[in-house]
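Reproduced below: structure_31.cif, with mmCIF, C-alpha atoms and all ligand atoms.
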data_start
loop_
_atom_site.group_PDB
_atom_site.id
_atom_site.type_symbol
_atom_site.label_atom_id
_atom_site.label_comp_id
_atom_site.auth_asym_id
_atom_site.auth_seq_id
_atom_site.Cartn_x
_atom_site.Cartn_y
_atom_site.Cartn_z
ATOM 1 C CA MET A 1 38.827 -11.947 -9.160
ATOM 2 C CA THR A 2 39.079 -8.428 -7.705
ATOM 3 C CA PHE A 3 36.396 -5.807 -7.604
ATOM 4 C CA LYS A 4 36.478 -2.135 -6.840
ATOM 5 C CA LYS A 5 34.755 -1.560 -3.546
ATOM 6 C CA PRO A 6 31.798 0.519 -2.332
ATOM 7 C CA SER A 7 32.794 4.009 -1.368
ATOM 8 C CA ILE A 8 34.180 4.506 2.104
ATOM 9 C CA GLY A 9 31.429 5.538 4.504
ATOM 10 C CA SER A 10 28.625 3.882 2.566
ATOM 11 C CA VAL A 11 26.639 1.368 4.556
ATOM 12 C CA VAL A 12 26.280 -2.233 3.541
ATOM 13 C CA THR A 13 23.849 -4.465 5.339
ATOM 14 C CA ARG A 14 22.915 -8.095 5.219
ATOM 15 C CA ALA A 15 19.781 -9.152 7.070
ATOM 16 C CA ASN A 16 19.719 -7.149 10.334
ATOM 17 C CA GLU A 17 23.392 -6.330 10.435
ATOM 18 C CA LEU A 18 24.596 -2.781 9.815
ATOM 19 C CA THR A 19 28.242 -2.262 8.966
ATOM 20 C CA GLU A 20 30.047 1.024 8.389
ATOM 21 C CA ILE A 21 32.546 0.417 5.631
ATOM 22 C CA GLY A 22 35.950 1.684 6.741
ATOM 23 C CA ALA A 23 39.049 2.189 4.614
ATOM 24 C CA GLN A 24 40.423 -1.279 5.309
ATOM 25 C CA ASP A 25 37.151 -3.088 4.599
ATOM 26 C CA ALA A 26 36.664 -1.018 1.507
ATOM 27 C CA LEU A 27 39.794 -2.566 0.048
ATOM 28 C CA SER A 28 38.644 -6.126 0.603
ATOM 29 C CA LEU A 29 34.849 -6.228 0.389
ATOM 30 C CA SER A 30 32.322 -6.071 -2.346
ATOM 31 C CA PRO A 31 28.670 -6.454 -1.477
ATOM 32 C CA PHE A 32 28.295 -8.582 -4.616
ATOM 33 C CA SER A 33 29.075 -12.258 -4.393
ATOM 34 C CA SER A 34 31.872 -13.238 -6.773
ATOM 35 C CA ALA A 35 30.359 -16.697 -7.362
ATOM 36 C CA ALA A 36 27.267 -15.596 -9.294
ATOM 37 C CA ARG A 37 27.222 -14.961 -13.033
ATOM 38 C CA ARG A 38 24.939 -11.930 -13.015
ATOM 39 C CA ARG A 39 25.473 -8.902 -10.813
ATOM 40 C CA VAL A 40 22.235 -7.006 -10.292
ATOM 41 C CA LEU A 41 21.793 -3.530 -8.880
ATOM 42 C CA VAL A 42 18.269 -3.066 -7.545
ATOM 43 C CA LEU A 43 17.410 0.598 -7.126
ATOM 44 C CA GLY A 44 15.035 0.386 -4.179
ATOM 45 C CA GLY A 45 12.572 2.685 -2.507
ATOM 46 C CA ALA A 46 9.292 0.900 -3.227
ATOM 47 C CA SER A 47 7.911 -2.322 -1.753
ATOM 48 C CA GLU A 48 8.523 -4.105 -5.067
ATOM 49 C CA ALA A 49 12.270 -3.937 -4.360
ATOM 50 C CA ARG A 50 11.813 -6.080 -1.260
ATOM 51 C CA ALA A 51 9.967 -8.846 -3.096
ATOM 52 C CA LEU A 52 12.519 -8.749 -5.893
ATOM 53 C CA SER A 53 15.406 -8.960 -3.413
ATOM 54 C CA ALA A 54 13.980 -12.179 -2.008
ATOM 55 C CA ARG A 55 13.760 -13.676 -5.497
ATOM 56 C CA ILE A 56 17.311 -12.652 -6.420
ATOM 57 C CA ALA A 57 18.718 -13.891 -3.102
ATOM 58 C CA ALA A 58 17.133 -17.287 -3.726
ATOM 59 C CA ASP A 59 18.613 -17.630 -7.226
ATOM 60 C CA PRO A 60 22.180 -19.015 -7.214
ATOM 61 C CA ARG A 61 22.839 -17.615 -10.688
ATOM 62 C CA LEU A 62 22.378 -14.084 -9.409
ATOM 63 C CA SER A 63 24.111 -11.785 -6.989
ATOM 64 C CA GLY A 64 22.561 -8.484 -6.050
ATOM 65 C CA VAL A 65 22.683 -5.314 -4.023
ATOM 66 C CA VAL A 66 19.773 -3.050 -3.096
ATOM 67 C CA SER A 67 20.472 0.658 -3.191
ATOM 68 C CA LEU A 68 18.453 3.107 -1.104
ATOM 69 C CA ALA A 69 18.532 6.883 -1.127
ATOM 70 C CA GLY A 70 18.682 7.023 2.663
ATOM 71 C CA ARG A 71 15.507 9.025 3.259
ATOM 72 C CA THR A 72 14.245 6.559 5.891
ATOM 73 C CA SER A 73 16.444 6.353 8.974
ATOM 74 C CA ALA A 74 15.872 2.680 9.830
ATOM 75 C CA PRO A 75 14.832 0.791 6.715
ATOM 76 C CA ALA A 76 13.657 -2.772 7.302
ATOM 77 C CA PRO A 77 16.291 -5.274 6.150
ATOM 78 C CA TYR A 78 16.335 -6.813 2.698
ATOM 79 C CA ASP A 79 17.364 -10.311 1.658
ATOM 80 C CA LEU A 80 20.230 -8.753 -0.292
ATOM 81 C CA PRO A 81 23.056 -6.552 0.949
ATOM 82 C CA MET A 82 22.113 -2.894 1.020
ATOM 83 C CA ARG A 83 24.009 0.261 0.154
ATOM 84 C CA VAL A 84 22.637 3.632 1.215
ATOM 85 C CA GLY A 85 23.041 7.125 -0.225
ATOM 86 C CA GLY A 86 23.132 8.883 -3.568
ATOM 87 C CA PHE A 87 25.678 7.929 -6.214
ATOM 88 C CA GLY A 88 26.411 11.479 -7.326
ATOM 89 C CA GLY A 89 24.171 11.849 -10.360
ATOM 90 C CA ALA A 90 24.179 9.776 -13.534
ATOM 91 C CA GLU A 91 27.981 9.967 -13.734
ATOM 92 C CA GLY A 92 28.350 8.660 -10.177
ATOM 93 C CA LEU A 93 25.930 5.852 -10.880
ATOM 94 C CA ALA A 94 27.804 4.934 -14.071
ATOM 95 C CA ARG A 95 31.031 4.876 -12.082
ATOM 96 C CA TYR A 96 29.463 2.539 -9.514
ATOM 97 C CA LEU A 97 28.124 0.212 -12.230
ATOM 98 C CA LYS A 98 31.544 0.040 -13.806
ATOM 99 C CA GLU A 99 33.461 -0.431 -10.576
ATOM 100 C CA GLU A 100 31.120 -3.121 -9.307
ATOM 101 C CA ARG A 101 30.856 -4.706 -12.749
ATOM 102 C CA VAL A 102 27.078 -4.647 -12.569
ATOM 103 C CA THR A 103 25.515 -6.615 -15.418
ATOM 104 C CA HIS A 104 21.836 -5.672 -14.907
ATOM 105 C CA VAL A 105 19.926 -2.834 -13.250
ATOM 106 C CA VAL A 106 16.338 -3.014 -12.032
ATOM 107 C CA ASP A 107 14.719 0.311 -11.222
ATOM 108 C CA ALA A 108 12.338 -0.552 -8.386
ATOM 109 C CA THR A 109 12.136 2.997 -7.052
ATOM 110 C CA HIS A 110 8.881 4.724 -6.239
ATOM 111 C CA PRO A 111 6.961 5.799 -9.380
ATOM 112 C CA PHE A 112 7.413 9.452 -8.328
ATOM 113 C CA ALA A 113 11.201 9.219 -7.935
ATOM 114 C CA ALA A 114 11.882 10.694 -11.374
ATOM 115 C CA ARG A 115 15.476 11.849 -10.943
ATOM 116 C CA ILE A 116 17.031 8.523 -9.971
ATOM 117 C CA SER A 117 15.070 6.829 -12.776
ATOM 118 C CA ALA A 118 16.427 9.332 -15.297
ATOM 119 C CA ASN A 119 19.937 8.826 -13.900
ATOM 120 C CA ALA A 120 19.570 5.061 -14.226
ATOM 121 C CA ARG A 121 18.485 5.433 -17.822
ATOM 122 C CA ALA A 122 21.445 7.687 -18.656
ATOM 123 C CA ALA A 123 24.047 5.585 -16.828
ATOM 124 C CA CYS A 124 22.820 2.279 -18.251
ATOM 125 C CA ALA A 125 22.625 3.716 -21.767
ATOM 126 C CA ALA A 126 26.181 5.035 -21.495
ATOM 127 C CA LEU A 127 27.531 1.620 -20.461
ATOM 128 C CA SER A 128 25.060 -0.558 -22.424
ATOM 129 C CA VAL A 129 23.920 -2.177 -19.176
ATOM 130 C CA PRO A 130 20.403 -3.650 -19.530
ATOM 131 C CA LEU A 131 17.805 -1.781 -17.467
ATOM 132 C CA LEU A 132 14.251 -2.758 -16.571
ATOM 133 C CA ALA A 133 11.797 -0.786 -14.439
ATOM 134 C CA LEU A 134 9.573 -2.670 -12.004
ATOM 135 C CA THR A 135 6.545 -0.644 -10.984
ATOM 136 C CA ARG A 136 3.080 -1.203 -9.642
ATOM 137 C CA PRO A 137 0.117 -0.312 -11.812
ATOM 138 C CA PRO A 138 -1.460 3.069 -11.026
ATOM 139 C CA TRP A 139 -4.827 3.165 -9.276
ATOM 140 C CA ARG A 140 -7.832 3.473 -11.544
ATOM 141 C CA LYS A 141 -10.824 5.572 -10.656
ATOM 142 C CA ALA A 142 -13.915 3.569 -9.700
ATOM 143 C CA PRO A 143 -17.334 4.935 -10.795
ATOM 144 C CA GLU A 144 -18.158 5.951 -7.181
ATOM 145 C CA ASP A 145 -14.874 7.822 -6.718
ATOM 146 C CA CYS A 146 -14.697 11.596 -6.829
ATOM 147 C CA TRP A 147 -11.191 12.361 -8.080
ATOM 148 C CA ILE A 148 -9.734 15.678 -9.140
ATOM 149 C CA GLU A 149 -6.814 14.584 -11.300
ATOM 150 C CA VAL A 150 -3.850 16.963 -11.426
ATOM 151 C CA ALA A 151 -0.292 16.946 -12.746
ATOM 152 C CA ASP A 152 1.737 17.932 -9.698
ATOM 153 C CA ASN A 153 1.762 19.360 -6.169
ATOM 154 C CA ALA A 154 1.333 22.964 -7.322
ATOM 155 C CA ALA A 155 -1.785 22.000 -9.281
ATOM 156 C CA ALA A 156 -3.018 19.994 -6.275
ATOM 157 C CA ALA A 157 -2.688 23.026 -3.999
ATOM 158 C CA PHE A 158 -4.676 25.110 -6.505
ATOM 159 C CA ALA A 159 -7.322 22.385 -6.888
ATOM 160 C CA LEU A 160 -8.155 22.616 -3.179
ATOM 161 C CA GLY A 161 -9.978 25.813 -4.058
ATOM 162 C CA PRO A 162 -10.301 29.204 -2.340
ATOM 163 C CA ALA A 163 -12.586 28.176 0.569
ATOM 164 C CA PRO A 164 -10.821 26.823 3.692
ATOM 165 C CA ARG A 165 -10.951 23.035 3.978
ATOM 166 C CA ARG A 166 -9.556 20.308 6.207
ATOM 167 C CA VAL A 167 -7.041 18.630 3.942
ATOM 168 C CA PHE A 168 -5.498 15.220 4.571
ATOM 169 C CA LEU A 169 -2.099 15.444 2.886
ATOM 170 C CA THR A 170 -0.629 12.011 2.173
ATOM 171 C CA THR A 171 2.026 13.074 -0.297
ATOM 172 C CA GLY A 172 4.934 12.754 2.148
ATOM 173 C CA ARG A 173 7.233 15.407 3.519
ATOM 174 C CA GLN A 174 8.995 16.126 0.228
ATOM 175 C CA GLY A 175 7.197 18.849 -1.664
ATOM 176 C CA VAL A 176 4.995 19.837 1.278
ATOM 177 C CA ALA A 177 6.226 23.419 0.821
ATOM 178 C CA ASP A 178 4.118 23.579 -2.373
ATOM 179 C CA PHE A 179 1.021 23.692 -0.169
ATOM 180 C CA ARG A 180 2.186 26.940 1.440
ATOM 181 C CA ALA A 181 0.682 28.487 -1.692
ATOM 182 C CA ALA A 182 -2.757 27.584 -0.278
ATOM 183 C CA PRO A 183 -2.464 28.782 3.357
ATOM 184 C CA GLN A 184 -6.229 29.114 3.880
ATOM 185 C CA HIS A 185 -6.610 25.383 4.592
ATOM 186 C CA ASP A 186 -6.065 23.298 7.723
ATOM 187 C CA TYR A 187 -3.694 20.485 6.804
ATOM 188 C CA LEU A 188 -3.219 17.071 8.350
ATOM 189 C CA LEU A 189 0.126 15.800 7.058
ATOM 190 C CA ARG A 190 1.009 12.126 7.487
ATOM 191 C CA VAL A 191 4.711 11.319 7.264
ATOM 192 C CA ILE A 192 7.210 8.637 8.234
ATOM 193 C CA GLU A 193 10.085 10.964 9.057
ATOM 194 C CA PRO A 194 9.867 14.487 10.557
ATOM 195 C CA PRO A 195 9.358 17.243 7.973
ATOM 196 C CA ASN A 196 11.232 20.567 7.955
ATOM 197 C CA ALA A 197 9.110 22.887 10.066
ATOM 198 C CA GLU A 198 9.785 25.862 7.786
ATOM 199 C CA GLU A 199 8.371 23.989 4.772
ATOM 200 C CA LEU A 200 4.961 23.410 6.348
ATOM 201 C CA PRO A 201 1.861 25.460 5.550
ATOM 202 C CA PRO A 202 0.882 27.748 8.457
ATOM 203 C CA ARG A 203 -1.846 25.505 9.907
ATOM 204 C CA CYS A 204 -0.536 21.976 9.641
ATOM 205 C CA GLU A 205 -0.886 19.085 12.079
ATOM 206 C CA VAL A 206 1.764 16.429 11.542
ATOM 207 C CA ILE A 207 1.050 12.790 12.317
ATOM 208 C CA TYR A 208 3.507 9.928 11.994
ATOM 209 C CA GLY A 209 2.831 6.519 10.568
ATOM 210 C CA ARG A 210 4.251 3.944 8.219
ATOM 211 C CA GLY A 211 1.739 1.946 6.191
ATOM 212 C CA PRO A 212 0.069 -0.307 5.486
ATOM 213 C CA PHE A 213 -2.990 1.223 7.143
ATOM 214 C CA ALA A 214 -6.173 -0.796 7.414
ATOM 215 C CA LEU A 215 -9.400 0.574 5.965
ATOM 216 C CA GLU A 216 -10.907 0.813 9.479
ATOM 217 C CA GLU A 217 -7.929 2.894 10.649
ATOM 218 C CA GLU A 218 -8.220 5.224 7.683
ATOM 219 C CA LEU A 219 -11.944 5.645 8.207
ATOM 220 C CA ALA A 220 -11.465 6.341 11.928
ATOM 221 C CA LEU A 221 -8.711 8.901 11.259
ATOM 222 C CA MET A 222 -10.649 10.736 8.565
ATOM 223 C CA ARG A 223 -13.745 10.884 10.780
ATOM 224 C CA GLU A 224 -11.853 11.937 13.906
ATOM 225 C CA LYS A 225 -9.961 14.703 12.095
ATOM 226 C CA ARG A 226 -13.076 15.748 10.158
ATOM 227 C CA VAL A 227 -11.153 15.531 6.896
ATOM 228 C CA ASP A 228 -13.065 16.913 3.939
ATOM 229 C CA ILE A 229 -10.589 16.375 1.105
ATOM 230 C CA ILE A 230 -7.559 14.107 0.551
ATOM 231 C CA VAL A 231 -4.442 14.747 -1.494
ATOM 232 C CA THR A 232 -2.443 11.769 -2.705
ATOM 233 C CA LYS A 233 0.036 10.745 -5.372
ATOM 234 C CA ASN A 234 -1.139 7.990 -7.669
ATOM 235 C CA SER A 235 1.408 5.597 -6.217
ATOM 236 C CA GLY A 236 -0.637 2.500 -6.961
ATOM 237 C CA GLY A 237 -0.420 -0.789 -5.091
ATOM 238 C CA ALA A 238 -2.482 -2.405 -2.381
ATOM 239 C CA LEU A 239 -0.636 -1.104 0.687
ATOM 240 C CA ALA A 240 -1.749 2.524 0.387
ATOM 241 C CA TYR A 241 -5.105 1.807 -1.236
ATOM 242 C CA PRO A 242 -7.270 1.782 1.949
ATOM 243 C CA LYS A 243 -7.195 5.609 2.067
ATOM 244 C CA ILE A 244 -8.775 5.636 -1.392
ATOM 245 C CA GLU A 245 -11.405 3.140 -0.245
ATOM 246 C CA ALA A 246 -12.042 5.197 2.895
ATOM 247 C CA ALA A 247 -12.516 8.345 0.806
ATOM 248 C CA ARG A 248 -14.972 6.430 -1.377
ATOM 249 C CA ALA A 249 -16.909 5.166 1.654
ATOM 250 C CA LEU A 250 -17.077 8.661 3.175
ATOM 251 C CA ARG A 251 -17.807 10.263 -0.209
ATOM 252 C CA LEU A 252 -14.796 12.544 0.116
ATOM 253 C CA PRO A 253 -13.090 14.065 -2.908
ATOM 254 C CA VAL A 254 -9.517 13.020 -3.660
ATOM 255 C CA VAL A 255 -6.983 15.239 -5.393
ATOM 256 C CA MET A 256 -5.019 12.614 -7.313
ATOM 257 C CA ILE A 257 -1.557 13.616 -8.506
ATOM 258 C CA ALA A 258 -0.587 11.823 -11.712
ATOM 259 C CA ARG A 259 2.730 10.044 -12.084
ATOM 260 C CA PRO A 260 5.564 11.783 -13.852
ATOM 261 C CA GLU A 261 5.988 10.742 -17.477
ATOM 262 C CA PRO A 262 7.868 7.427 -17.673
ATOM 263 C CA ALA A 263 11.515 7.836 -18.644
ATOM 264 C CA GLY A 264 11.275 5.735 -21.830
ATOM 265 C CA VAL A 265 12.529 2.566 -20.130
ATOM 266 C CA ALA A 266 11.133 -0.958 -20.555
ATOM 267 C CA THR A 267 8.708 -1.421 -17.676
ATOM 268 C CA THR A 268 6.914 -4.337 -16.088
ATOM 269 C CA HIS A 269 4.595 -4.892 -13.127
ATOM 270 C CA ASP A 270 5.491 -8.587 -12.996
ATOM 271 C CA LEU A 271 8.287 -10.092 -10.859
ATOM 272 C CA ASP A 272 8.472 -13.219 -13.048
ATOM 273 C CA ARG A 273 9.273 -11.019 -16.013
ATOM 274 C CA VAL A 274 12.074 -9.374 -14.087
ATOM 275 C CA MET A 275 13.528 -12.787 -13.271
ATOM 276 C CA MET A 276 13.335 -13.744 -16.954
ATOM 277 C CA PHE A 277 15.130 -10.503 -17.854
ATOM 278 C CA LEU A 278 17.877 -11.224 -15.307
ATOM 279 C CA ASN A 279 18.394 -14.792 -16.446
ATOM 280 C CA ALA A 280 17.960 -14.337 -20.200
HETATM 281 P P1 LIG B 301 14.572 11.311 -6.778
HETATM 282 O O1 LIG B 301 14.160 12.730 -6.774
HETATM 283 O O2 LIG B 301 14.337 10.510 -7.987
HETATM 284 O O3 LIG B 301 16.119 11.182 -6.417
HETATM 285 C C1 LIG B 301 16.852 12.218 -5.808
HETATM 286 C C2 LIG B 301 18.243 11.712 -5.564
HETATM 287 O O4 LIG B 301 18.267 10.760 -4.508
HETATM 288 C C3 LIG B 301 18.840 10.981 -6.752
HETATM 289 O O5 LIG B 301 19.365 11.867 -7.699
HETATM 290 C C4 LIG B 301 19.878 10.110 -6.074
HETATM 291 O O6 LIG B 301 21.024 10.871 -5.714
HETATM 292 C C5 LIG B 301 19.196 9.735 -4.798
HETATM 293 N N1 LIG B 301 18.482 8.472 -4.905
HETATM 294 C C6 LIG B 301 17.166 8.262 -5.132
HETATM 295 N N2 LIG B 301 16.867 6.966 -5.095
HETATM 296 C C7 LIG B 301 18.031 6.326 -4.841
HETATM 297 C C8 LIG B 301 18.357 4.974 -4.675
HETATM 298 N N3 LIG B 301 17.432 4.008 -4.754
HETATM 299 N N4 LIG B 301 19.663 4.657 -4.426
HETATM 300 C C9 LIG B 301 20.599 5.635 -4.329
HETATM 301 N N5 LIG B 301 20.330 6.936 -4.468
HETATM 302 C C10 LIG B 301 19.064 7.279 -4.713
HETATM 303 O O7 LIG B 301 13.908 10.524 -5.574
HETATM 304 P P2 LIG B 301 12.987 11.068 -4.384
HETATM 305 O O8 LIG B 301 11.648 11.391 -4.905
HETATM 306 O O9 LIG B 301 13.809 12.073 -3.636
HETATM 307 O O10 LIG B 301 12.867 9.748 -3.526
HETATM 308 C C11 LIG B 301 13.991 9.264 -2.800
HETATM 309 C C12 LIG B 301 13.804 7.778 -2.542
HETATM 310 O O11 LIG B 301 12.601 7.595 -1.788
HETATM 311 C C13 LIG B 301 13.680 6.986 -3.842
HETATM 312 O O12 LIG B 301 14.505 5.856 -3.768
HETATM 313 C C14 LIG B 301 12.227 6.602 -3.905
HETATM 314 O O13 LIG B 301 12.061 5.321 -4.434
HETATM 315 C C15 LIG B 301 11.762 6.669 -2.454
HETATM 316 N N6 LIG B 301 10.376 7.129 -2.338
HETATM 317 C C16 LIG B 301 9.994 8.254 -3.020
HETATM 318 C C17 LIG B 301 8.671 8.655 -2.927
HETATM 319 C C18 LIG B 301 8.194 9.861 -3.675
HETATM 320 O O14 LIG B 301 7.001 10.136 -3.610
HETATM 321 N N7 LIG B 301 9.050 10.567 -4.415
HETATM 322 C C19 LIG B 301 7.769 7.926 -2.165
HETATM 323 C C20 LIG B 301 8.212 6.793 -1.472
HETATM 324 C C21 LIG B 301 9.515 6.409 -1.580
HETATM 325 P P3 LIG B 301 22.327 10.919 -6.635
HETATM 326 O O15 LIG B 301 21.960 11.752 -7.813
HETATM 327 O O16 LIG B 301 23.364 11.499 -5.747
HETATM 328 O O17 LIG B 301 22.637 9.510 -7.038
#

Output the file's structure in the form of structure tokens.
Ligand code: NAP
Amino acid sequence: MTFKKPSIGSVVTRANELTEIGAQDALSLSPFSSAARRRVLVLGGASEARALSARIAADPRLSGVVSLAGRTSAPAPYDLPMRVGGFGGAEGLARYLKEERVTHVVDATHPFAARISANARAACAALSVPLLALTRPPWRKAPEDCWIEVADNAAAAFALGPAPRRVFLTTGRQGVADFRAAPQHDYLLRVIEPPNAEELPPRCEVIYGRGPFALEEELALMREKRVDIIVTKNSGGALAYPKIEAARALRLPVVMIARPEPAGVATTHDLDRVMMFLNA
């Protein structure tokens, strides 16, 4: 059996091993195992993709590859081979699915990664490849919480109000430029990778950290930096939840950015359901 290969220059990894795919390798390697019946593309970017990779790797009926956008410079390894970098829009993704003879796609990207999810929907629809989205449930407001719920970053910046505040910005480096529209505030931006300096609001302290963060750490940080309001996306999940609990404990308001509208794709929060979908 022969397969078309990943594009030259893409990176395929297994466990801790990183391999640049050169022209020669590209002619002879596919990250998918030829033995398995089902060939699964996992669009990664959220922690759910890691748990799903472990399940797929342990199932002899399945072969899989995790795809990452490449925003994080040293992603922790997955139990499946990894490819890194964009596909080139919905057409590029469709080409990849065809070339690699992918039979199933699971969209386990972050709930705010709307473009890749839309591309997955378009590419899978064009090729009649079954697609399922695996997401985590959004956070729900507890009675003691003080949330200002908004639709996007621009609305979040506006919701901070006219008076200067100390804002803990936990929305990541993408889209931080939207907060330049509210330059009266002092921002504390927490990121994993360095942001573009020119996108930052004028008074912005950048701190680096990759979650999960414990509740005690979040409380200590918010107290030390004298935070008086938090901005977050409603990412959901347990790993990032301590900041919400810390805000509750300190009685701080939270500007909560709602998820983009789902792309009309079957969605589950349950790994067992994904495995049923892959083995149906
Ligand atoms: P996006 O706007 O939906 O995607 C932008 C482009 O990045 C896509 O068009 C695609 O390029 C490429 N891409 C995204 N995810 C990919 C994947 N899993 N494999 C290959 N290419 C991918 O996404 P984003 O908001 O920039 O986020 C980028 C990645 O970071 C996503 O995988 C997401 O899961 C993760 N992430 C996002 C957030 C967030 O808040 N947005 C938070 C945490 C993690 P092509 O069109 O060239 O294929």

*asked:* Please determine, counting only C-alpha atoms, which residue among A:Glu224, A:Glu144, A:Glu48, A:Asp59 has the shortest atom-to-atom distance to Thr109 (chain A).
replied: A:Glu48

*asked:* Just to confirm, what's the straight-line distance from CA of Arg71 (chain A) to atom P3 of ligand LIG 301 (chain B) in Å (one decimal)?
replied: 12.2 Å

Considering all atoms listed in the file, tabulate each residue of chain A that lies at most 8 Å from ligand LIG 301 (chain B) along with its nearest interatomic pair and the corresponding distance in Å to one decimal; arrange the rows by chain and ascending residue number and present them as a tab-separated table.
residue	atom	partner	partner_atom	distance
A:Val42	CA	B:LIG301	N3	7.7
A:Leu43	CA	B:LIG301	N3	4.2
A:Gly44	CA	B:LIG301	N3	4.4
A:Gly45	CA	B:LIG301	O13	3.3
A:Ala46	CA	B:LIG301	O13	5.4
A:Val66	CA	B:LIG301	N3	7.6
A:Ser67	CA	B:LIG301	N4	4.3
A:Leu68	CA	B:LIG301	N4	3.9
A:Ala69	CA	B:LIG301	C10	3.6
A:Gly70	CA	B:LIG301	C12	7.2
A:Arg71	CA	B:LIG301	O11	6.0
A:Thr72	CA	B:LIG301	O11	7.9
A:Arg83	CA	B:LIG301	N4	7.7
A:Val84	CA	B:LIG301	C9	6.2
A:Gly85	CA	B:LIG301	C9	5.0
A:Gly86	CA	B:LIG301	O16	3.4
A:Phe87	CA	B:LIG301	O17	3.5
A:Gly88	CA	B:LIG301	O16	3.4
A:Gly89	CA	B:LIG301	O15	3.4
A:Ala90	CA	B:LIG301	O15	6.4
A:Gly92	CA	B:LIG301	O17	6.6
A:Leu93	CA	B:LIG301	O17	6.2
A:Asp107	CA	B:LIG301	N3	7.9
A:Ala108	CA	B:LIG301	O13	7.1
A:Thr109	CA	B:LIG301	O13	3.5
A:His110	CA	B:LIG301	O13	3.7
A:Pro111	CA	B:LIG301	C18	7.1
A:Phe112	CA	B:LIG301	N7	4.4
A:Ala113	CA	B:LIG301	O2	3.4
A:Ala114	CA	B:LIG301	O2	4.2
A:Arg115	CA	B:LIG301	O2	3.4
A:Ile116	CA	B:LIG301	O2	3.9
A:Ser117	CA	B:LIG301	O2	6.1
A:Ala118	CA	B:LIG301	O2	7.7
A:Asn119	CA	B:LIG301	O5	6.9
A:Thr171	CA	B:LIG301	O14	6.7
A:Gly172	CA	B:LIG301	O14	6.7
A:Gln174	CA	B:LIG301	N7	7.2
A:Lys233	CA	B:LIG301	O14	7.2
A:Ser235	CA	B:LIG301	O14	7.7

*Nearest to Glu216 (chain A) by atom-to-atom distance, counting all atoms listed in the file, from A:Asp228, A:Glu245, A:Glu199, A:Asp270*: A:Glu245

_Among the residues A:Ala49, A:Cys204, A:Ala151, A:Val102, the one that comes closest to Pro77 (chain A) [using all atoms listed in the file]_ =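 Between A:Ala49, A:Cys204, A:Ala151, A:Val102, the residue approaching Pro77 (chain A) most closely is A:Ala49.
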
*Residues within 10 Å of Thr170 (chain A), only C-alpha atoms, excluding chain neighbours under 5 positions, as a PyMOL selection string*: chain A and resi 176+188-191+230-233+240+243

Need to verify the contact set: region 128-139 of chain A, 7 Å, only C-alpha atoms, exclusion of same-chain residues closer than 4 positions in sequence. Can you return it as a PDB file with C-alpha atoms, in the coordinates of the input?
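Printed below is out11.pdb as written:
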ATOM      1  CA  THR A 103      25.515  -6.615 -15.418  1.00  0.00           C
ATOM      2  CA  HIS A 104      21.836  -5.672 -14.907  1.00  0.00           C
ATOM      3  CA  VAL A 105      19.926  -2.834 -13.250  1.00  0.00           C
ATOM      4  CA  VAL A 106      16.338  -3.014 -12.032  1.00  0.00           C
ATOM      5  CA  ASP A 107      14.719   0.311 -11.222  1.00  0.00           C
ATOM      6  CA  ALA A 108      12.338  -0.552  -8.386  1.00  0.00           C
ATOM      7  CA  PRO A 111       6.961   5.799  -9.380  1.00  0.00           C
ATOM      8  CA  CYS A 124      22.820   2.279 -18.251  1.00  0.00           C
ATOM      9  CA  ASN A 234      -1.139   7.990  -7.669  1.00  0.00           C
ATOM     10  CA  SER A 235       1.408   5.597  -6.217  1.00  0.00           C
ATOM     11  CA  GLY A 236      -0.637   2.500  -6.961  1.00  0.00           C
ATOM     12  CA  GLY A 237      -0.420  -0.789  -5.091  1.00  0.00           C
ATOM     13  CA  VAL A 265      12.529   2.566 -20.130  1.00  0.00           C
ATOM     14  CA  ALA A 266      11.133  -0.958 -20.555  1.00  0.00           C
ATOM     15  CA  THR A 267       8.708  -1.421 -17.676  1.00  0.00           C
ATOM     16  CA  THR A 268       6.914  -4.337 -16.088  1.00  0.00           C
ATOM     17  CA  HIS A 269       4.595  -4.892 -13.127  1.00  0.00           C
TER      18      HIS A 269
END

*Calculate how many Å separate CA of Leu200 (chain A) from CA of Met222 (chain A), rounding to one decimal.*
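Taking CA of Leu200 (chain A) as the start and CA of Met222 (chain A) as the end point, the length is 20.2 Å.
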
*Quick one: apply the PyMOL selection byres (((chain A and resi 223) around 12) and not hetatm) to the file and drop the selected residues here as an MDAnalysis selection string.*
chainID A and resid 166 168 216:222 224:229 246:247 249:252

*Using all atoms listed in the file, which of A:Glu91, A:Asp152, A:Glu100, A:Asp79 sits nearest Ser34 (chain A)?*
A:Glu100

_Expansion of the PyMOL selection byres (((chain A and resi 194) around 10) and not hetatm) into residues, as a VMD selection string_ = chain A and resid 172 to 173 190 to 193 195 to 197 206 to 208

*Please, what distance in Å, to one decimal, runs between CA of Ile148 (chain A) and CA of Ile257 (chain A)?*
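According to the coordinates, CA of Ile148 (chain A) and CA of Ile257 (chain A) are separated by 8.5 Å.
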
*asked:* Could you list, as a PyMOL selection string, every residue within 10 Å of Ala182 (chain A), counting only C-alpha atoms and ignoring same-chain residues fewer than 6 positions away?
replied: chain A and resi 154+156-164+201-202

Edge lengths and centre in Å to one decimal, as lines of an AutoDock Vina configuration file, of the axis-aligned box that encloses all listed atoms of region 46-63 of chain A with 3 Å added on every side?
center_x = 16.0
center_y = -9.1
center_z = -6.0
size_x = 22.2
size_y = 25.9
size_z = 15.4

*Counting all atoms listed in the file, figure out which residue out of A:Ala74, A:Ala280, A:Arg273, A:Glu99 gets nearest to Arg55 (chain A).*
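Smallest distance to Arg55 (chain A) is found for A:Arg273.
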
*Evaluate the PyMOL selection byres (((chain A and resi 32) around 9) and not hetatm) here and jot the selected residues down as a ChimeraX atom specification.*
/A:29-31,33-36,39-40,63-65,81,100,102
